[in-house]
Structure formats: structure tokens, C-alpha cells
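*Asks:* Got a file for you: structure04.cif, mmCIF, C-alpha atoms and all ligand atoms.
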```cif
data_structure
#
loop_
_atom_site.label_atom_id
_atom_site.label_comp_id
_atom_site.auth_asym_id
_atom_site.auth_seq_id
_atom_site.Cartn_x
_atom_site.Cartn_y
_atom_site.Cartn_z
CA MET A 1 0.00 0.00 0.00
CA ALA A 2 1.43 3.40 -1.03
CA ASN A 3 1.97 5.94 1.73
CA TYR A 4 -0.55 8.50 0.52
CA LYS A 5 -2.42 11.41 2.04
CA ILE A 6 -5.88 12.66 1.01
CA ARG A 7 -6.28 16.41 1.45
CA ASN A 8 -8.47 19.26 0.22
CA TYR A 9 -7.69 20.92 -3.10
CA ASP A 10 -5.51 24.02 -3.08
CA ASN A 11 -5.21 26.57 -5.91
CA SER A 12 -1.56 25.57 -6.46
CA ASP A 13 -2.84 22.09 -7.55
CA TYR A 14 -4.79 23.56 -10.50
CA ASP A 15 -2.59 22.55 -13.45
CA THR A 16 -1.73 19.10 -12.09
CA VAL A 17 -5.39 18.32 -11.41
CA ARG A 18 -6.45 19.31 -14.92
CA ASP A 19 -3.57 17.32 -16.46
CA LEU A 20 -4.44 14.27 -14.41
CA PHE A 21 -8.05 14.45 -15.56
CA SER A 22 -7.07 14.89 -19.24
CA SER A 23 -4.54 12.08 -19.25
CA GLY A 24 -6.91 9.70 -17.39
CA MET A 25 -9.70 10.33 -19.90
CA SER A 26 -7.38 10.23 -22.95
CA GLU A 27 -6.50 6.64 -22.07
CA TYR A 28 -9.98 5.61 -23.21
CA VAL A 29 -9.50 6.47 -26.90
CA PRO A 30 -8.44 2.89 -27.88
CA SER A 31 -11.35 1.34 -25.91
CA VAL A 32 -13.81 3.78 -27.52
CA CYS A 33 -12.47 2.79 -30.96
CA VAL A 34 -12.90 -0.93 -30.15
CA HIS A 35 -16.42 -0.24 -28.84
CA VAL A 36 -17.38 1.56 -32.07
CA LEU A 37 -15.79 -1.18 -34.20
CA LYS A 38 -17.98 -3.77 -32.47
CA GLN A 39 -21.22 -2.04 -33.52
CA PRO A 40 -23.08 -4.29 -36.01
CA TRP A 41 -23.62 -1.48 -38.55
CA VAL A 42 -19.88 -0.67 -38.55
CA ILE A 43 -18.98 -4.32 -39.14
CA PHE A 44 -21.64 -4.44 -41.88
CA VAL A 45 -20.34 -1.30 -43.67
CA LEU A 46 -16.71 -2.46 -43.47
CA THR A 47 -17.58 -5.96 -44.73
CA CYS A 48 -19.70 -4.62 -47.62
CA MET A 49 -16.96 -2.19 -48.60
CA PHE A 50 -14.30 -4.90 -48.46
CA LEU A 51 -16.35 -7.39 -50.50
CA SER A 52 -17.49 -4.93 -53.15
CA LEU A 53 -13.95 -3.61 -53.65
CA MET A 54 -12.62 -7.16 -53.82
CA LEU A 55 -15.24 -8.13 -56.43
CA THR A 56 -14.72 -5.05 -58.58
CA SER A 57 -10.92 -4.89 -58.39
CA LYS A 58 -10.37 -8.70 -58.25
CA SER A 59 -7.52 -8.00 -55.89
CA LEU A 60 -6.96 -8.22 -52.13
CA ILE A 61 -4.59 -5.27 -51.84
CA LEU A 62 -7.06 -2.51 -52.74
CA PRO A 63 -9.83 -3.56 -50.29
CA LEU A 64 -7.26 -4.15 -47.54
CA LEU A 65 -5.76 -0.73 -48.15
CA ALA A 66 -9.15 0.98 -48.26
CA VAL A 67 -10.35 -0.64 -45.01
CA THR A 68 -7.04 0.21 -43.29
CA LEU A 69 -7.33 3.83 -44.41
CA LEU A 70 -10.93 4.03 -43.25
CA LEU A 71 -9.98 2.57 -39.85
CA ALA A 72 -7.12 5.08 -39.50
CA LEU A 73 -9.46 7.92 -40.42
CA GLY A 74 -12.07 6.65 -37.93
CA ARG A 75 -9.40 6.53 -35.22
CA GLN A 76 -8.50 10.17 -35.90
CA VAL A 77 -12.15 11.30 -35.89
CA LEU A 78 -12.95 9.47 -32.64
CA GLY A 79 -9.74 10.80 -31.02
CA TYR A 80 -10.75 14.33 -32.03
CA CYS A 81 -14.33 13.94 -30.69
CA TRP A 82 -13.01 12.49 -27.42
CA LYS A 83 -10.60 15.41 -27.07
CA MET A 84 -13.51 17.82 -27.59
CA TYR A 85 -15.38 16.06 -24.79
CA ILE A 86 -12.34 16.40 -22.47
CA ASP A 87 -11.94 20.09 -23.40
CA GLN A 88 -15.61 20.65 -22.64
CA CYS A 89 -15.18 19.17 -19.13
CA LEU A 90 -12.13 21.39 -18.60
CA LYS A 91 -14.27 24.41 -19.45
CA GLU A 92 -17.05 23.39 -17.07
CA ASP A 93 -16.42 22.64 -13.38
CA LEU A 94 -12.66 22.23 -13.87
CA GLN A 95 -12.30 25.79 -15.19
CA ASP A 96 -12.56 27.33 -11.73
CA ILE A 97 -12.15 24.47 -9.26
CA GLN A 98 -11.81 26.77 -6.27
CA LYS A 99 -15.13 28.50 -6.95
CA THR A 100 -17.07 25.44 -8.11
CA TYR A 101 -16.06 23.13 -5.32
CA MET A 102 -14.24 24.87 -2.47
CA GLU A 103 -16.40 27.98 -2.18
CA SER A 104 -19.77 26.31 -2.75
CA LYS A 105 -21.77 24.89 0.10
CA GLY A 106 -21.98 21.10 0.25
CA SER A 107 -19.19 20.61 -2.34
CA ASN A 108 -15.55 19.64 -2.10
CA PHE A 109 -12.52 18.63 -4.18
CA TRP A 110 -9.85 16.30 -2.84
CA VAL A 111 -6.40 15.38 -4.08
CA VAL A 112 -4.16 12.47 -3.14
CA GLU A 113 -0.57 13.28 -2.37
CA VAL A 114 2.42 10.92 -2.39
CA ASP A 115 5.84 12.44 -1.66
CA GLU A 116 4.45 15.91 -2.45
CA SER A 117 3.16 14.80 -5.88
CA ILE A 118 -0.51 14.67 -6.71
CA VAL A 119 -1.50 11.19 -7.86
CA GLY A 120 -5.29 11.23 -7.58
CA THR A 121 -8.39 13.42 -7.54
CA VAL A 122 -12.08 13.29 -6.78
CA ALA A 123 -14.82 15.91 -6.51
CA ALA A 124 -18.30 16.11 -5.05
CA LYS A 125 -21.16 18.57 -5.50
CA PRO A 126 -24.89 18.59 -4.83
CA SER A 127 -27.13 17.16 -7.53
CA ASP A 128 -29.24 19.64 -9.52
CA GLU A 129 -32.22 17.31 -9.26
CA LYS A 130 -32.40 16.30 -5.58
CA HIS A 131 -31.14 18.43 -2.71
CA ASP A 132 -30.15 15.39 -0.60
CA GLU A 133 -28.11 13.73 -3.38
CA LEU A 134 -24.36 14.28 -3.81
CA ILE A 135 -22.65 13.72 -7.18
CA LEU A 136 -19.20 12.16 -7.22
CA LYS A 137 -17.13 13.44 -10.17
CA ARG A 138 -13.60 13.68 -11.54
CA MET A 139 -12.28 10.44 -10.03
CA SER A 140 -8.82 9.84 -11.43
CA VAL A 141 -5.67 8.06 -10.26
CA ARG A 142 -2.28 8.42 -11.94
CA LYS A 143 -1.42 5.29 -13.94
CA ASP A 144 1.65 4.33 -11.88
CA TYR A 145 -0.40 4.45 -8.64
CA ARG A 146 -3.32 2.28 -9.72
CA GLY A 147 -4.41 -0.91 -8.03
CA LEU A 148 -3.30 0.31 -4.59
CA GLY A 149 -6.75 1.10 -3.26
CA ILE A 150 -6.46 4.88 -3.78
CA ALA A 151 -9.73 5.24 -5.73
CA LYS A 152 -11.56 3.12 -3.15
CA ALA A 153 -10.19 5.40 -0.39
CA LEU A 154 -11.31 8.48 -2.37
CA SER A 155 -14.80 7.01 -2.83
CA ARG A 156 -15.05 6.39 0.92
CA GLU A 157 -13.88 9.97 1.58
CA VAL A 158 -16.79 11.23 -0.55
CA ILE A 159 -19.24 8.89 1.20
CA GLY A 160 -17.99 10.17 4.60
CA PHE A 161 -18.42 13.76 3.40
CA ALA A 162 -21.96 12.99 2.22
CA ARG A 163 -22.82 11.42 5.56
CA SER A 164 -21.49 14.30 7.64
CA ASN A 165 -23.22 16.88 5.41
CA GLY A 166 -26.65 15.26 5.66
CA TYR A 167 -26.89 13.81 2.14
CA ARG A 168 -28.91 10.64 1.74
CA SER A 169 -27.09 9.25 -1.29
CA VAL A 170 -24.02 9.58 -3.51
CA ILE A 171 -24.54 9.16 -7.24
CA LEU A 172 -22.13 9.03 -10.20
CA ASN A 173 -22.01 8.37 -13.93
CA THR A 174 -19.71 5.98 -15.76
CA LEU A 175 -19.23 5.46 -19.49
CA MET A 176 -19.43 2.07 -21.23
CA VAL A 177 -15.63 1.86 -21.55
CA GLN A 178 -14.83 2.50 -17.86
CA SER A 179 -14.94 -1.12 -16.72
CA GLU A 180 -12.19 -0.76 -14.04
CA ALA A 181 -14.05 2.17 -12.51
CA LYS A 182 -17.36 0.27 -12.51
CA LYS A 183 -15.75 -2.70 -10.77
CA MET A 184 -14.13 -0.42 -8.21
CA TYR A 185 -17.40 1.41 -7.40
CA GLU A 186 -19.26 -1.89 -7.10
CA ASN A 187 -16.57 -3.14 -4.68
CA VAL A 188 -17.12 -0.02 -2.55
CA GLY A 189 -20.87 -0.72 -2.42
CA PHE A 190 -22.33 1.44 -5.21
CA LYS A 191 -25.28 -0.13 -7.05
CA ARG A 192 -26.08 0.46 -10.71
CA TYR A 193 -29.61 1.83 -10.98
CA ILE A 194 -29.93 3.11 -14.56
CA GLU A 195 -28.20 2.36 -17.84
CA TYR A 196 -29.14 4.30 -20.96
CA VAL A 197 -27.84 5.22 -24.38
CA LEU A 198 -26.98 8.92 -24.80
CA PRO A 199 -30.13 10.33 -26.44
CA THR A 200 -28.38 12.12 -29.31
CA ILE A 201 -27.85 11.06 -32.91
CA TYR A 202 -24.16 10.33 -32.27
CA GLY A 203 -24.94 8.62 -28.96
CA LYS A 204 -27.40 6.27 -30.65
CA LEU A 205 -25.12 5.73 -33.63
CA VAL A 206 -22.23 4.44 -31.54
CA ASN A 207 -24.35 3.00 -28.70
CA PHE A 208 -22.74 5.39 -26.19
CA LYS A 209 -23.95 3.92 -22.88
CA ILE A 210 -23.99 5.69 -19.55
CA SER A 211 -24.45 3.77 -16.30
CA LYS A 212 -25.57 5.61 -13.19
CA TYR A 213 -24.54 4.30 -9.79
CA ARG A 214 -25.85 5.12 -6.34
CA TYR A 215 -24.67 4.58 -2.77
CA ASP A 216 -27.42 5.01 -0.18
CA ILE A 217 -26.34 6.51 3.11
CA LEU A 218 -28.05 4.53 5.84
CA PRO A 219 -29.04 6.47 8.96
CA VAL A 220 -26.83 5.69 11.97
CA THR A 221 -28.89 3.63 14.44
C1 LIG A 301 -10.81 3.79 -12.25
C2 LIG A 301 -9.61 4.25 -11.44
C3 LIG A 301 -9.96 5.55 -10.74
C4 LIG A 301 -9.27 3.16 -10.38
O1 LIG A 301 -8.22 3.65 -9.57
P1 LIG A 301 -7.34 2.69 -8.62
O2 LIG A 301 -6.72 3.53 -7.56
O3 LIG A 301 -6.47 1.84 -9.44
O4 LIG A 301 -8.45 1.80 -7.98
P2 LIG A 301 -8.32 0.98 -6.64
O5 LIG A 301 -6.95 0.41 -6.51
O6 LIG A 301 -8.88 1.72 -5.49
O7 LIG A 301 -9.38 -0.02 -7.11
C5 LIG A 301 -9.52 -1.19 -6.70
C6 LIG A 301 -10.62 -1.91 -7.49
O8 LIG A 301 -10.82 -1.42 -8.82
C7 LIG A 301 -10.93 -2.50 -9.72
N1 LIG A 301 -9.81 -2.36 -10.64
C8 LIG A 301 -8.80 -1.48 -10.57
N2 LIG A 301 -7.97 -1.66 -11.62
C9 LIG A 301 -8.50 -2.65 -12.34
C10 LIG A 301 -8.14 -3.30 -13.55
N3 LIG A 301 -7.05 -2.93 -14.25
N4 LIG A 301 -8.92 -4.30 -14.01
C11 LIG A 301 -10.04 -4.67 -13.33
N5 LIG A 301 -10.43 -4.10 -12.18
C12 LIG A 301 -9.68 -3.11 -11.70
C13 LIG A 301 -10.85 -3.75 -8.92
O9 LIG A 301 -12.19 -4.12 -8.65
C14 LIG A 301 -10.19 -3.32 -7.64
O10 LIG A 301 -10.71 -3.98 -6.53
P3 LIG A 301 -9.80 -4.98 -5.71
O11 LIG A 301 -8.50 -4.28 -5.45
O12 LIG A 301 -10.62 -5.22 -4.50
O13 LIG A 301 -9.67 -6.14 -6.64
C15 LIG A 301 -8.36 4.44 -12.35
O14 LIG A 301 -8.20 3.29 -13.13
C16 LIG A 301 -8.41 5.68 -13.24
O15 LIG A 301 -8.02 6.77 -12.83
N6 LIG A 301 -8.87 5.52 -14.50
C17 LIG A 301 -8.94 6.65 -15.45
C18 LIG A 301 -10.02 7.66 -15.10
C19 LIG A 301 -11.36 7.04 -14.83
O16 LIG A 301 -11.82 6.15 -15.51
N7 LIG A 301 -12.05 7.53 -13.81
C20 LIG A 301 -13.36 7.05 -13.41
C21 LIG A 301 -14.39 8.00 -13.86
S1 LIG A 301 -16.01 7.37 -13.48
#
```
Could you render the structure from this file as C-alpha cells?
Ligand SMILES: CC(C)(COP(=O)(O)OP(=O)(O)OC[C@H]1O[C@@H](n2cnc3c(N)ncnc32)[C@H](O)[C@@H]1OP(=O)(O)O)[C@@H](O)C(=O)NCCC(=O)NCCS
*Replies:*
Amino acid sequence: MANYKIRNYDNSDYDTVRDLFSSGMSEYVPSVCVHVLKQPWVIFVLTCMFLSLMLTSKSLILPLLAVTLLLALGRQVLGYCWKMYIDQCLKEDLQDIQKTYMESKGSNFWVVEVDESIVGTVAAKPSDEKHDELILKRMSVRKDYRGLGIAKALSREVIGFARSNGYRSVILNTLMVQSEAKKMYENVGFKRYIEYVLPTIYGKLVNFKISKYRYDILPVT
């Protein structure tokens, strides 16, 4: 177990926190590509293109080249869209972390420190829908510090914060490619209560699934 310390966010952590979030999310580009490639319509289009080019050109090289080029192009497009999503998050709550989390009632942002380096983050803020629901966000652990129980400790920190601030539940969203995160939250005691496909054209096209998890805070008896 690493010798780590969980503490509240400080303004001097700003750049590191944003970098940690960006690099954690960027890791998912290959999994997103695999997810898209597994969609039946994508397989169908690629197969049709391959077969029709093979039949018309009577060669294997042209269809192989065309499919490879299309895959490379798809990888670039998905990478670009994913980067836009990350940039959007950086412009939302991560734009002014101090104001969003540290100066707002019932919110907080934590960092994990090991030897004066920040290796993990998590945030919490009240839900817009229910006043007694806390949303856990921005969970991220630096790659070389994974598997040491840091994310579980951060989740428990948020649960403890929720309990002492009178919230009745902690909720969070995960994306279809975040299987390690889902497993970790389930190990902590979160239960999946909704799974849906993002209701946009692109969401439906690539079957972009969001799973919502909840941890109910039981009253102390
Ligand atoms: C998800 C993430 C936060 C986990 O951090 P972590 O500190 O490695 O997690 P912990 O060591 O506390 O997690 C332990 C649990 O997570 C699961 N887990 C962690 N890494 C895993 C892996 N590579 N494969 C499968 N399960 C894994 C296991 O269930 C493990 O439980 P166990 O130790 O009892 O077996 C980290 O991988 C990360 O930062 N990913 C990128 C950003 C991200 O996806 N954030 C979540 C947003 S919802």
C-alpha cells in the first residue's frame, strides 16, 4: 500500500489536477475505438466495402488498403471527438475548481498526495435534481499508482463527506468503456440503478452507454 495522504484541493494544484483528468480520460480512446468497431452497422459497412472492392478490383490489396485507411481515419475522428469532450469538461467545473467546489456549500474537491506529488483526484457537488443527493465526479488516479486502493479510499472519503453533510445518497455516472471504474465502485458498495444510451444522434449511432450508480447513506442507528 502506497503511503498516501488525502487532502483538500488548493489553488496551487490547479494545473496538475487538470492534467491528471485529461490524461486519465485520454486513455480511453483505444477502448472507444474498439467499442465503435464492435457495432453491427460498422462491421456491416466495413464488410460490404471490403467485399465490393474485392469483387470489382479482383484484388486483395485494394480492399485491404481501403479498409485500413478508413480505420485510420475513424481513429482520428474518434480521437478528435473524445478530445472535444475532455476540453468541454475542462471548461465546465474544472475551469474554476476553487469557486465550483471549495467555495460552494456542500461541495468539495480532494487530491491524493504521495511524496508531495498529486496522484489522484475526486470531486463532489450537490445534484441539480435532488437536494439530498451528492454527485461524485472527476475520479482519477495516476497510472503508476493504480491498483493500490487509492480510488476506493477516495470514494469512501466522498461517502464520509456525504454522511457528515446530511446527504442521503451519492450518485455518479460511468461510461461504457470505464470497466475498471465500474468494478471499483461496485466493490465499494455502489449499485447500478440506470443504464441508458446517450439520447443524441451520435450517442445512438455508436451506442454510447452511460451507467448511473448510487450509494445510499443509511441512517446511523
Ligand atoms: C478507475 C480508477 C480511478 C481506479 O483507480 P485505482 O486507484 O487503481 O483503484 P483501486 O486500486 O482503489 O481499485 C480497486 C478496485 O478497482 C478495480 N480495478 C482497478 N484496476 C482494475 C483493472 N485494471 N482491471 C479490473 N479491475 C480493476 C478492482 O475491482 C479493484 O478492486 P480490488 O482491489 O478489491 O480487486 C483508475 O483506473 C483511473 O483513474 N482511471 C482513469 C479515469 C477514470 O476512468 N475515472 C473514473 C471515472 S467514473
*Asks:* So that each row is one residue of chain A with an atom at most 8 Å from ligand LIG 301 (chain A), can you give its shortest atom pair and the distance in Å to one decimal, using only C-alpha atoms and all ligand atoms, rows by chain and rising number, as JSON lines?
*Replies:*
```
{"residue": "A:Phe21", "atom": "CA", "partner": "A:LIG301", "partner_atom": "C18", "distance": 7.1}
{"residue": "A:Ser23", "atom": "CA", "partner": "A:LIG301", "partner_atom": "C17", "distance": 8.0}
{"residue": "A:Gly24", "atom": "CA", "partner": "A:LIG301", "partner_atom": "C17", "distance": 4.1}
{"residue": "A:Met25", "atom": "CA", "partner": "A:LIG301", "partner_atom": "C18", "distance": 5.5}
{"residue": "A:Glu27", "atom": "CA", "partner": "A:LIG301", "partner_atom": "C17", "distance": 7.1}
{"residue": "A:Tyr28", "atom": "CA", "partner": "A:LIG301", "partner_atom": "C17", "distance": 7.9}
{"residue": "A:Gly120", "atom": "CA", "partner": "A:LIG301", "partner_atom": "O15", "distance": 7.4}
{"residue": "A:Lys137", "atom": "CA", "partner": "A:LIG301", "partner_atom": "S1", "distance": 7.0}
{"residue": "A:Arg138", "atom": "CA", "partner": "A:LIG301", "partner_atom": "C21", "distance": 6.2}
{"residue": "A:Met139", "atom": "CA", "partner": "A:LIG301", "partner_atom": "N7", "distance": 4.8}
{"residue": "A:Ser140", "atom": "CA", "partner": "A:LIG301", "partner_atom": "O15", "distance": 3.5}
{"residue": "A:Val141", "atom": "CA", "partner": "A:LIG301", "partner_atom": "O15", "distance": 3.7}
{"residue": "A:Arg142", "atom": "CA", "partner": "A:LIG301", "partner_atom": "O15", "distance": 6.0}
{"residue": "A:Lys143", "atom": "CA", "partner": "A:LIG301", "partner_atom": "O15", "distance": 6.9}
{"residue": "A:Tyr145", "atom": "CA", "partner": "A:LIG301", "partner_atom": "O2", "distance": 6.5}
{"residue": "A:Arg146", "atom": "CA", "partner": "A:LIG301", "partner_atom": "O3", "distance": 3.2}
{"residue": "A:Gly147", "atom": "CA", "partner": "A:LIG301", "partner_atom": "O5", "distance": 3.2}
{"residue": "A:Leu148", "atom": "CA", "partner": "A:LIG301", "partner_atom": "O5", "distance": 4.1}
{"residue": "A:Gly149", "atom": "CA", "partner": "A:LIG301", "partner_atom": "O6", "distance": 3.1}
{"residue": "A:Ile150", "atom": "CA", "partner": "A:LIG301", "partner_atom": "O2", "distance": 4.0}
{"residue": "A:Ala151", "atom": "CA", "partner": "A:LIG301", "partner_atom": "O6", "distance": 3.6}
{"residue": "A:Lys152", "atom": "CA", "partner": "A:LIG301", "partner_atom": "O6", "distance": 3.8}
{"residue": "A:Ala153", "atom": "CA", "partner": "A:LIG301", "partner_atom": "O6", "distance": 6.4}
{"residue": "A:Leu154", "atom": "CA", "partner": "A:LIG301", "partner_atom": "O6", "distance": 7.8}
{"residue": "A:Leu172", "atom": "CA", "partner": "A:LIG301", "partner_atom": "S1", "distance": 7.1}
{"residue": "A:Asn173", "atom": "CA", "partner": "A:LIG301", "partner_atom": "S1", "distance": 6.1}
{"residue": "A:Thr174", "atom": "CA", "partner": "A:LIG301", "partner_atom": "S1", "distance": 4.6}
{"residue": "A:Leu175", "atom": "CA", "partner": "A:LIG301", "partner_atom": "S1", "distance": 7.1}
{"residue": "A:Gln178", "atom": "CA", "partner": "A:LIG301", "partner_atom": "O16", "distance": 5.3}
{"residue": "A:Ser179", "atom": "CA", "partner": "A:LIG301", "partner_atom": "C11", "distance": 6.9}
{"residue": "A:Glu180", "atom": "CA", "partner": "A:LIG301", "partner_atom": "C12", "distance": 4.2}
{"residue": "A:Ala181", "atom": "CA", "partner": "A:LIG301", "partner_atom": "C1", "distance": 3.6}
{"residue": "A:Lys182", "atom": "CA", "partner": "A:LIG301", "partner_atom": "S1", "distance": 7.3}
{"residue": "A:Lys183", "atom": "CA", "partner": "A:LIG301", "partner_atom": "O9", "distance": 4.4}
{"residue": "A:Met184", "atom": "CA", "partner": "A:LIG301", "partner_atom": "O8", "distance": 3.5}
{"residue": "A:Tyr185", "atom": "CA", "partner": "A:LIG301", "partner_atom": "O8", "distance": 7.3}
{"residue": "A:Glu186", "atom": "CA", "partner": "A:LIG301", "partner_atom": "O9", "distance": 7.6}
{"residue": "A:Asn187", "atom": "CA", "partner": "A:LIG301", "partner_atom": "O9", "distance": 6.0}
```
*Asks:* May I have the residues from that selection written out with C-alpha atoms, as a PDB file, keeping the file's coordinate frame?
*Replies:*
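Contents of selection.pdb, as written:
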```pdb
ATOM      1  CA  PHE A  21      -8.050  14.450 -15.560  1.00  0.00           C
ATOM      2  CA  SER A  23      -4.540  12.080 -19.250  1.00  0.00           C
ATOM      3  CA  GLY A  24      -6.910   9.700 -17.390  1.00  0.00           C
ATOM      4  CA  MET A  25      -9.700  10.330 -19.900  1.00  0.00           C
ATOM      5  CA  GLU A  27      -6.500   6.640 -22.070  1.00  0.00           C
ATOM      6  CA  TYR A  28      -9.980   5.610 -23.210  1.00  0.00           C
ATOM      7  CA  GLY A 120      -5.290  11.230  -7.580  1.00  0.00           C
ATOM      8  CA  LYS A 137     -17.130  13.440 -10.170  1.00  0.00           C
ATOM      9  CA  ARG A 138     -13.600  13.680 -11.540  1.00  0.00           C
ATOM     10  CA  MET A 139     -12.280  10.440 -10.030  1.00  0.00           C
ATOM     11  CA  SER A 140      -8.820   9.840 -11.430  1.00  0.00           C
ATOM     12  CA  VAL A 141      -5.670   8.060 -10.260  1.00  0.00           C
ATOM     13  CA  ARG A 142      -2.280   8.420 -11.940  1.00  0.00           C
ATOM     14  CA  LYS A 143      -1.420   5.290 -13.940  1.00  0.00           C
ATOM     15  CA  TYR A 145      -0.400   4.450  -8.640  1.00  0.00           C
ATOM     16  CA  ARG A 146      -3.320   2.280  -9.720  1.00  0.00           C
ATOM     17  CA  GLY A 147      -4.410  -0.910  -8.030  1.00  0.00           C
ATOM     18  CA  LEU A 148      -3.300   0.310  -4.590  1.00  0.00           C
ATOM     19  CA  GLY A 149      -6.750   1.100  -3.260  1.00  0.00           C
ATOM     20  CA  ILE A 150      -6.460   4.880  -3.780  1.00  0.00           C
ATOM     21  CA  ALA A 151      -9.730   5.240  -5.730  1.00  0.00           C
ATOM     22  CA  LYS A 152     -11.560   3.120  -3.150  1.00  0.00           C
ATOM     23  CA  ALA A 153     -10.190   5.400  -0.390  1.00  0.00           C
ATOM     24  CA  LEU A 154     -11.310   8.480  -2.370  1.00  0.00           C
ATOM     25  CA  LEU A 172     -22.130   9.030 -10.200  1.00  0.00           C
ATOM     26  CA  ASN A 173     -22.010   8.370 -13.930  1.00  0.00           C
ATOM     27  CA  THR A 174     -19.710   5.980 -15.760  1.00  0.00           C
ATOM     28  CA  LEU A 175     -19.230   5.460 -19.490  1.00  0.00           C
ATOM     29  CA  GLN A 178     -14.830   2.500 -17.860  1.00  0.00           C
ATOM     30  CA  SER A 179     -14.940  -1.120 -16.720  1.00  0.00           C
ATOM     31  CA  GLU A 180     -12.190  -0.760 -14.040  1.00  0.00           C
ATOM     32  CA  ALA A 181     -14.050   2.170 -12.510  1.00  0.00           C
ATOM     33  CA  LYS A 182     -17.360   0.270 -12.510  1.00  0.00           C
ATOM     34  CA  LYS A 183     -15.750  -2.700 -10.770  1.00  0.00           C
ATOM     35  CA  MET A 184     -14.130  -0.420  -8.210  1.00  0.00           C
ATOM     36  CA  TYR A 185     -17.400   1.410  -7.400  1.00  0.00           C
ATOM     37  CA  GLU A 186     -19.260  -1.890  -7.100  1.00  0.00           C
ATOM     38  CA  ASN A 187     -16.570  -3.140  -4.680  1.00  0.00           C
TER      39      ASN A 187
END
```
*Asks:* Please tell me which residues are no farther than 12 Å from (-17.2, -0.2, -47.1) in the file, counting only C-alpha atoms, and write them as a compact mmCIF listing (two decimals) with C-alpha atoms, in the coordinates of the input.
*Replies:*
```txt
# COMPACT_ATOMS: atom_id res chain seq x y z
CA TRP A 41 -23.62 -1.48 -38.55
CA VAL A 42 -19.88 -0.67 -38.55
CA ILE A 43 -18.98 -4.32 -39.14
CA PHE A 44 -21.64 -4.44 -41.88
CA VAL A 45 -20.34 -1.30 -43.67
CA LEU A 46 -16.71 -2.46 -43.47
CA THR A 47 -17.58 -5.96 -44.73
CA CYS A 48 -19.70 -4.62 -47.62
CA MET A 49 -16.96 -2.19 -48.60
CA PHE A 50 -14.30 -4.90 -48.46
CA LEU A 51 -16.35 -7.39 -50.50
CA SER A 52 -17.49 -4.93 -53.15
CA LEU A 53 -13.95 -3.61 -53.65
CA MET A 54 -12.62 -7.16 -53.82
CA LEU A 62 -7.06 -2.51 -52.74
CA PRO A 63 -9.83 -3.56 -50.29
CA LEU A 64 -7.26 -4.15 -47.54
CA LEU A 65 -5.76 -0.73 -48.15
CA ALA A 66 -9.15 0.98 -48.26
CA VAL A 67 -10.35 -0.64 -45.01
CA THR A 68 -7.04 0.21 -43.29
CA LEU A 69 -7.33 3.83 -44.41
CA LEU A 70 -10.93 4.03 -43.25
CA LEU A 71 -9.98 2.57 -39.85
```
*Asks:* Which distance in Å separates CA of Asn207 in chain A and CA of Gln39 in chain A, to one decimal?
*Replies:*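 About the pair CA of Asn207 in chain A and CA of Gln39 in chain A: they are 7.6 Å apart.
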*Asks:* Using all atoms listed in the file, which protein or nucleic acid residues come within 7 Å of Val111 in chain A? Drop anything in the same chain fewer than 2 positions from it, and give the result as a PyMOL selection string.
*Replies:* chain A and resi 6-9+109+113+118+120-122
*Asks:* One decimal, Å: what's the distance from CA of Ala162 in chain A over to CA of Asp87 in chain A, could you say?
*Replies:* 28.4 Å
*Asks:* Using only C-alpha atoms, find the one residue out of A:Leu78, A:Leu55, A:Ile61, A:Leu73 that sits nearest to Pro30 in chain A.
*Replies:*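 With only C-alpha atoms as the atom set, the closest residue is A:Leu78.
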*Asks:* How many Å lie between CA of Lys130 in chain A and CA of Ile217 in chain A, rounded to one decimal?
*Replies:*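 Taking CA of Lys130 in chain A and CA of Ile217 in chain A, their separation equals 14.4 Å.
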*Asks:* Given all atoms listed in the file as the basis, pick out the residue of A:Ser31, A:Ser22, A:Tyr4, A:Lys212 nearest to Tyr85 in chain A.
*Replies:* A:Ser22
*Asks:* With distances taken over only C-alpha atoms, which residue among A:Tyr196, A:Tyr202, A:Phe190, A:Tyr14 lies nearest Asp96 in chain A?
*Replies:* A:Tyr14
*Asks:* Of the candidates A:Gln76, A:Trp110, A:Trp82, A:Ser59, which one gets nearest to Lys5 in chain A if we count only C-alpha atoms?
*Replies:*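 Closest to Lys5 in chain A of all the choices is A:Trp110.
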*Asks:* Around all of range 99-114 of chain A's listed atoms, make the axis-aligned box with 4 Å on each side and tell me centre and edge lengths in Å to one decimal, as lines of an AutoDock Vina configuration file.
*Replies:*
```
center_x = -9.8
center_y = 19.7
center_z = -3.9
size_x = 32.4
size_y = 25.6
size_z = 16.4
```
*Asks:* Nearest to Leu20 in chain A among A:Val77, A:Val36, A:Val119, A:Val158, with distances taken over only C-alpha atoms: which residue is it?
*Replies:*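 Between A:Val77, A:Val36, A:Val119, A:Val158, the residue approaching Leu20 in chain A most closely is A:Val119.
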*Asks:* With distances taken over only C-alpha atoms, which residue among A:Asn3, A:Val170, A:Arg75, A:Asp10 lies nearest Glu103 in chain A?
*Replies:*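 Checking each candidate against Glu103 in chain A, we get A:Asp10 as the closest.
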